[in-house]
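Visitor: Have a look at the structure that comes next, please.
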Amino acid sequence: MFKVGDKVVYPMHGAGIIEAIEEREILGQKKKCYIMRFPLGDMKVMLPLESEKAVGLRQVVDEQGIQEVIEIIKEKRTASVNTASNWNHRYRANLEKIRSGNICKVAEVVSILSRREQDKGLSAGERKMLENARQILISELALARNYEKGQVETMLEKLLA
């Protein structure tokens, strides 16, 4: 169980901070819920404690995890990992990686799609996926290192260059 003030990642939403744990009535039943704030999207989310494992809620990555992410993004060969010529197959494979909530898999998607965009361009769906994956990655790295969004964006651009 997490506590107030914990920095957590909610897959497909990004990183946030648990602001409160409150009892709320949901569909006629009283349930304890996390109240989370996501700084980058200025969004608040309520999640029943019992759903924590099902949605994959986890702590933000530590410094060792950040270093793994940096290596994944710097690795130029990552783009060749996902070379399916059918964009639909690539899209589904990348979506699964994002849904996993694993920051290293999200970093792979950012790396793969960024390099593909530079080489061949992306479909509208893949461009939107890249932006979503970037925001998820940026939100976690910013919270993990207590950086501003702009600092992480600059770091990411340098790594991808």
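Each chain in the structure tokens gets a letter, A, B, ..., in the order shown, and its residues are numbered from 1; ligands are numbered from 1 in order too.
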List the neighbours of stretch 152-156 of chain A out to 7 Å using only C-alpha atoms; skip same-chain residues closer than 3 positions along the sequence, and give me the result as a list in words.
Guide: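 Non-adjacent residues within range: Ile138, Leu141, Ala142, Tyr147, Glu148, Lys149, Leu159 and Leu160 of chain A.
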Visitor: Can you tell me, as a ChimeraX atom specification, what residues are no more than 8 Å from stretch 60-67 of chain A when counting only C-alpha atoms, ignoring any on the same chain fewer than 5 positions away?
Guide: /A:7-9,15,103-104,140-141,143-144
Visitor: So how many Å separate atom CA of A:Trp87 and atom CA of A:Gly125, to one decimal?
Guide: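 It comes out at 9.3 Å.
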Visitor: Can you tell me which residues surround A:Tyr10 at a distance of at most 10 Å, considering only C-alpha atoms, apart from same-chain residues fewer than 4 positions away, and format the answer as a ChimeraX atom specification?
Guide: /A:14-16,36,38,45,47,52,55-60,99,101,136,140
Visitor: Let's see if you can do this: from backbone DSSP, list all strand (DSSP E or B) residues in stretch 9-148 of chain A, as an mmCIF file with C-alpha atoms, in the first residue's frame.
Guide:
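Everything below was put into selection15.cif:
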data_model
loop_
_atom_site.group_PDB
_atom_site.id
_atom_site.type_symbol
_atom_site.label_atom_id
_atom_site.label_comp_id
_atom_site.auth_asym_id
_atom_site.auth_seq_id
_atom_site.Cartn_x
_atom_site.Cartn_y
_atom_site.Cartn_z
ATOM 1 C CA VAL A 9 3.237 5.728 -11.924
ATOM 2 C CA TYR A 10 -0.202 4.918 -13.275
ATOM 3 C CA GLY A 14 2.132 8.862 -16.282
ATOM 4 C CA ALA A 15 3.639 9.786 -12.943
ATOM 5 C CA GLY A 16 1.862 11.508 -10.112
ATOM 6 C CA ILE A 17 1.836 12.089 -6.388
ATOM 7 C CA ILE A 18 -0.600 10.579 -3.909
ATOM 8 C CA GLU A 19 -2.192 13.599 -2.243
ATOM 9 C CA ALA A 20 -4.687 11.799 -0.026
ATOM 10 C CA ILE A 21 -6.251 8.489 0.865
ATOM 11 C CA GLU A 22 -9.956 9.001 1.428
ATOM 12 C CA GLU A 23 -13.070 6.936 1.838
ATOM 13 C CA ARG A 24 -15.480 7.570 -1.022
ATOM 14 C CA GLU A 25 -18.810 6.125 -2.026
ATOM 15 C CA ILE A 26 -18.608 4.316 -5.361
ATOM 16 C CA GLN A 29 -20.276 1.103 -1.556
ATOM 17 C CA LYS A 30 -17.734 2.873 0.620
ATOM 18 C CA LYS A 31 -14.193 2.289 -0.612
ATOM 19 C CA LYS A 32 -10.805 3.674 0.328
ATOM 20 C CA CYS A 33 -9.271 5.525 -2.615
ATOM 21 C CA TYR A 34 -5.987 7.099 -3.566
ATOM 22 C CA ILE A 35 -6.356 10.682 -4.712
ATOM 23 C CA MET A 36 -3.466 11.323 -7.108
ATOM 24 C CA ARG A 37 -2.327 14.504 -8.797
ATOM 25 C CA PHE A 38 -0.458 14.351 -12.090
ATOM 26 C CA MET A 43 -5.052 16.194 -13.661
ATOM 27 C CA LYS A 44 -6.418 14.467 -10.555
ATOM 28 C CA VAL A 45 -7.374 10.793 -10.478
ATOM 29 C CA MET A 46 -9.180 8.728 -7.873
ATOM 30 C CA LEU A 47 -8.287 5.037 -7.689
ATOM 31 C CA PRO A 48 -9.743 2.495 -5.238
ATOM 32 C CA ARG A 58 3.991 1.359 -8.931
ATOM 33 C CA GLN A 59 6.671 3.595 -7.424
#
Visitor: Between A:Ala161, A:Gln118, A:Phe2, A:Lys97, which is the closest to A:Glu75 once you count only C-alpha atoms?
Guide: A:Ala161
Visitor: List as JSON lines every residue of stretch 5-122 of chain A that is in contact with stretch 126-129 of chain A, defined as an atom at most 9 Å from one of its atoms (using only C-alpha atoms), together with the nearest atom pair and the distance in Å rounded to one decimal, sorted by chain and then rising number.
Guide:
{"residue": "A:Trp87", "atom": "CA", "partner": "A:Glu126", "partner_atom": "CA", "distance": 8.2}
{"residue": "A:Arg90", "atom": "CA", "partner": "A:Glu126", "partner_atom": "CA", "distance": 8.9}
{"residue": "A:Tyr91", "atom": "CA", "partner": "A:Glu126", "partner_atom": "CA", "distance": 6.7}
{"residue": "A:Asn94", "atom": "CA", "partner": "A:Met129", "partner_atom": "CA", "distance": 8.4}
{"residue": "A:Leu95", "atom": "CA", "partner": "A:Met129", "partner_atom": "CA", "distance": 7.8}
{"residue": "A:Val109", "atom": "CA", "partner": "A:Met129", "partner_atom": "CA", "distance": 8.7}
{"residue": "A:Val110", "atom": "CA", "partner": "A:Met129", "partner_atom": "CA", "distance": 8.8}
{"residue": "A:Leu113", "atom": "CA", "partner": "A:Glu126", "partner_atom": "CA", "distance": 7.4}
{"residue": "A:Ser114", "atom": "CA", "partner": "A:Arg127", "partner_atom": "CA", "distance": 9.0}
{"residue": "A:Glu117", "atom": "CA", "partner": "A:Arg127", "partner_atom": "CA", "distance": 8.1}
{"residue": "A:Gly121", "atom": "CA", "partner": "A:Arg127", "partner_atom": "CA", "distance": 8.7}
{"residue": "A:Leu122", "atom": "CA", "partner": "A:Glu126", "partner_atom": "CA", "distance": 5.7}
Visitor: For the residues in that selection, give me N, CA and C atoms as a PDB file, in the first residue's frame.
Guide:
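Result file follows (again-v1.pdb):
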ATOM      1  N   TRP A  87       2.258  -1.160 -40.287  1.00  0.00           N
ATOM      2  CA  TRP A  87       2.176  -0.182 -39.203  1.00  0.00           C
ATOM      3  C   TRP A  87       1.222  -0.653 -38.113  1.00  0.00           C
ATOM      4  N   ARG A  90       3.115  -2.901 -35.765  1.00  0.00           N
ATOM      5  CA  ARG A  90       4.011  -2.074 -34.954  1.00  0.00           C
ATOM      6  C   ARG A  90       3.226  -1.328 -33.885  1.00  0.00           C
ATOM      7  N   TYR A  91       2.090  -0.774 -34.302  1.00  0.00           N
ATOM      8  CA  TYR A  91       1.258   0.014 -33.396  1.00  0.00           C
ATOM      9  C   TYR A  91       0.811  -0.836 -32.208  1.00  0.00           C
ATOM     10  N   ASN A  94       3.770  -1.681 -29.901  1.00  0.00           N
ATOM     11  CA  ASN A  94       4.169  -0.516 -29.110  1.00  0.00           C
ATOM     12  C   ASN A  94       3.135  -0.170 -28.050  1.00  0.00           C
ATOM     13  N   LEU A  95       1.860  -0.315 -28.372  1.00  0.00           N
ATOM     14  CA  LEU A  95       0.797  -0.038 -27.410  1.00  0.00           C
ATOM     15  C   LEU A  95       0.902  -0.973 -26.206  1.00  0.00           C
ATOM     16  N   VAL A 109       9.722   2.502 -26.874  1.00  0.00           N
ATOM     17  CA  VAL A 109       8.741   3.040 -27.825  1.00  0.00           C
ATOM     18  C   VAL A 109       9.140   4.448 -28.251  1.00  0.00           C
ATOM     19  N   VAL A 110       9.545   5.272 -27.289  1.00  0.00           N
ATOM     20  CA  VAL A 110       9.969   6.638 -27.617  1.00  0.00           C
ATOM     21  C   VAL A 110      11.165   6.603 -28.558  1.00  0.00           C
ATOM     22  N   LEU A 113      10.048   5.045 -32.145  1.00  0.00           N
ATOM     23  CA  LEU A 113       9.209   5.934 -32.953  1.00  0.00           C
ATOM     24  C   LEU A 113       9.925   7.237 -33.295  1.00  0.00           C
ATOM     25  N   SER A 114      10.758   7.747 -32.404  1.00  0.00           N
ATOM     26  CA  SER A 114      11.509   8.981 -32.705  1.00  0.00           C
ATOM     27  C   SER A 114      12.453   8.749 -33.873  1.00  0.00           C
ATOM     28  N   GLU A 117      10.516   8.267 -37.062  1.00  0.00           N
ATOM     29  CA  GLU A 117      10.004   9.554 -37.543  1.00  0.00           C
ATOM     30  C   GLU A 117      11.101  10.302 -38.305  1.00  0.00           C
ATOM     31  N   GLY A 121       9.267   8.924 -41.322  1.00  0.00           N
ATOM     32  CA  GLY A 121       8.021   9.587 -40.981  1.00  0.00           C
ATOM     33  C   GLY A 121       7.073   8.601 -40.307  1.00  0.00           C
ATOM     34  N   LEU A 122       6.052   9.138 -39.668  1.00  0.00           N
ATOM     35  CA  LEU A 122       5.086   8.307 -38.934  1.00  0.00           C
ATOM     36  C   LEU A 122       3.679   8.582 -39.422  1.00  0.00           C
TER      37      LEU A 122
END
Visitor: Considering only C-alpha atoms, can you say which of A:Val4, A:Ala107, A:Leu40, A:Ala54 comes closest to A:Ile72?
Guide: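 Result for the nearest residue to A:Ile72: A:Ala107.
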Visitor: Using only C-alpha atoms, which of A:Gly28, A:Ala133, A:Asp42, A:Asn88 sits nearest A:Ile112?
Guide: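 Among the listed residues, A:Ala133 lies closest to A:Ile112.
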Visitor: To test your reading of the structure, identify every residue in chain A that backbone DSSP assigns to helix (DSSP H, G or I), and report it as a PyMOL selection string.
Guide: chain A and resi 49-55+63-74+78-81+87-99+103-119+124-145+149-160
Visitor: One decimal, Å: what's the distance from atom CA of A:Pro39 over to atom CA of A:Ile98, could you say?
Guide: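 Atom-to-atom, atom CA of A:Pro39 to atom CA of A:Ile98, that is 19.5 Å.
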